[in-house]
Amino acid sequence: MAIVSIPDKNTVLAEKTEVASYLAGIGIDYDTWPLHELSEGADNETILRAYSREIAEAMEKGGYVNVDVVNVDSLTPGLDEMLAKFNREHWHDEDEVRFIVAGKGLFHIHPEGSDVVAIEVGPGDMIRVPRNTHHWFNLCQAKEIKAIRFFQDKSGWTPNYTKSAVAEKYEPVCLGSNYIPVYARKPL
């Protein structure tokens with residue numbers, strides 16, 4: 001279940017209906033899917049087979065033509081370099097759509113003219129960040145995630161950087177399910 005933090009307003013939302021409603025208000029689609037039982041070391045093909053029904057429905061609904069699985073952990077070679085591509089404010093020419101199978105990550109969304117919003121996603125969360133939405137992404141402390149990624153056109157998924165320094169003002173702090181409100185805005 002996603003947790004939304006609005007650091008500049010010292011606010012945390014953790015109930016599914018309030019999370020989904022708030023995110024819809026800033027143009028982010030959020031839902032949950034039931035989790036399927038998978039072995040700890042399930043490979044990408046096994047993950048895709050387990051969720052084939054949900055994937056087919058999402059592909060038809062969203063016009064996606066391709067899916068894959070990102071499956072990384074703290075031992076993945078080059079992980080820090082990979083994450084460095086996505087932890088600066090950027091946008092894409094197509095939607096960024098993720099279903100989280102395992103692990104946790106943190107999307108920071110920067111709606112035009114509005115406060116930065118941190119969305120902690122974990123197993124069962126389905127999120128769609130629309131094309132042209134300014135955002136950045138980090139992994140949570142365990143540096144592990146397995147996520148199904150949906151593409152309308154893989155070539156459109158290249159990050160376009162804003163060259164702003166806004167991401168540097170926010171810590172990538174994941175709250176977790178038993179959170180104590182900690183607001184992730186760096187002191188000025």
# chains A, B, ... in the order shown; residues from 1 in each chain; ligands from 1
call {"tool": "residues_around", "arguments": {"residues": "A:Pro159", "least_positions_apart": "4", "cutoff": "8 Å", "atoms": "only C-alpha atoms", "output": "PDB file with N, CA and C atoms, in the first residue's frame"}}
result
ATOM      1  N   LYS A  85      20.716   7.790 -12.981  1.00  0.00           N
ATOM      2  CA  LYS A  85      19.980   8.280 -14.150  1.00  0.00           C
ATOM      3  C   LYS A  85      18.588   8.768 -13.781  1.00  0.00           C
ATOM      4  N   PHE A  86      18.037   8.216 -12.697  1.00  0.00           N
ATOM      5  CA  PHE A  86      16.629   8.469 -12.403  1.00  0.00           C
ATOM      6  C   PHE A  86      16.386   9.255 -11.122  1.00  0.00           C
ATOM      7  N   HIS A  90      13.295  14.749 -13.956  1.00  0.00           N
ATOM      8  CA  HIS A  90      13.198  14.511 -15.389  1.00  0.00           C
ATOM      9  C   HIS A  90      11.746  14.248 -15.767  1.00  0.00           C
ATOM     10  N   TRP A  91      11.505  14.074 -17.044  1.00  0.00           N
ATOM     11  CA  TRP A  91      10.202  13.650 -17.552  1.00  0.00           C
ATOM     12  C   TRP A  91      10.463  12.707 -18.705  1.00  0.00           C
ATOM     13  N   HIS A  92       9.405  12.024 -19.139  1.00  0.00           N
ATOM     14  CA  HIS A  92       9.492  11.103 -20.268  1.00  0.00           C
ATOM     15  C   HIS A  92       8.466  11.501 -21.318  1.00  0.00           C
TER      16      HIS A  92
END
call {"tool": "closest_atom_pairs", "arguments": {"of": "stretch 89-159 of chain A", "to": "stretch 11-30 of chain A", "cutoff": "12 Å", "atoms": "only C-alpha atoms", "output": "Markdown table"}}
result
| residue | atom | partner | partner_atom | distance |
| --- | --- | --- | --- | --- |
| A:Asp95 | CA | A:Ile28 | CA | 10.2 |
| A:Glu96 | CA | A:Ile28 | CA | 10.2 |
| A:Val97 | CA | A:Asp29 | CA | 9.2 |
| A:Arg98 | CA | A:Tyr30 | CA | 9.9 |
| A:Phe99 | CA | A:Tyr30 | CA | 9.9 |
| A:Ile100 | CA | A:Tyr30 | CA | 11.7 |
| A:Phe107 | CA | A:Ile28 | CA | 11.0 |
| A:His108 | CA | A:Ile28 | CA | 11.5 |
| A:Ile109 | CA | A:Ile28 | CA | 9.0 |
| A:His110 | CA | A:Ile26 | CA | 9.4 |
| A:Pro111 | CA | A:Ile26 | CA | 6.8 |
| A:Glu112 | CA | A:Ile26 | CA | 9.4 |
| A:Gly113 | CA | A:Ile26 | CA | 10.8 |
| A:Ser114 | CA | A:Ile26 | CA | 8.9 |
| A:Asp115 | CA | A:Ile26 | CA | 10.2 |
| A:Val116 | CA | A:Ile26 | CA | 10.6 |
| A:Val117 | CA | A:Leu23 | CA | 9.1 |
| A:Ala118 | CA | A:Val12 | CA | 9.4 |
| A:Ile119 | CA | A:Leu23 | CA | 9.0 |
| A:Glu120 | CA | A:Ala14 | CA | 9.9 |
| A:Val121 | CA | A:Tyr30 | CA | 9.9 |
| A:Gly124 | CA | A:Tyr30 | CA | 10.7 |
| A:Asp125 | CA | A:Tyr30 | CA | 7.3 |
| A:Met126 | CA | A:Tyr30 | CA | 5.7 |
| A:Ile127 | CA | A:Tyr30 | CA | 4.7 |
| A:Arg128 | CA | A:Asp29 | CA | 5.0 |
| A:Val129 | CA | A:Ile28 | CA | 5.4 |
| A:Pro130 | CA | A:Ile28 | CA | 6.8 |
| A:Arg131 | CA | A:Ile28 | CA | 10.4 |
| A:Asn132 | CA | A:Gly27 | CA | 11.1 |
| A:Thr133 | CA | A:Gly27 | CA | 8.8 |
| A:His134 | CA | A:Ile28 | CA | 11.5 |
| A:His135 | CA | A:Ile28 | CA | 11.2 |
call {"tool": "closest_residue", "arguments": {"among": "A:Leu175, A:Ala142, A:Ala167, A:Glu89", "to": "A:Ile3", "atoms": "only C-alpha atoms"}}
result
A:Leu175
call {"tool": "atom_distance", "arguments": {"atom1": "atom CA of A:Asp43", "atom2": "atom CA of A:Lys146"}}
result
9.8 Å
call {"tool": "select_by_dssp", "arguments": {"residues": "stretch 23-165 of chain A", "states": "strand (DSSP E)", "output": "PyMOL selection string"}}
result
chain A and resi 29-32+66-72+90-91+96-103+105-109+117-121+125-129+135-139+145-151+160-161
call {"tool": "closest_residue", "arguments": {"among": "A:His36, A:Arg53, A:Lys104, A:Arg88", "to": "A:Cys140", "atoms": "only C-alpha atoms"}}
result
A:Lys104
call {"tool": "residues_around", "arguments": {"residues": "A:Gly63", "least_positions_apart": "4", "cutoff": "10 Å", "atoms": "only C-alpha atoms", "output": "PyMOL selection string"}}
result
chain A and resi 57-59+150-153
call {"tool": "closest_residue", "arguments": {"among": "A:Asn10, A:Thr32, A:Ser5, A:Asn87", "to": "A:Phe137", "atoms": "only C-alpha atoms"}}
result
A:Asn87
call {"tool": "select_by_dssp", "arguments": {"residues": "stretch 21-139 of chain A", "states": "helix (DSSP H, G or I)", "output": "PyMOL selection string"}}
result
chain A and resi 21-25+44-50+52-62+79-84
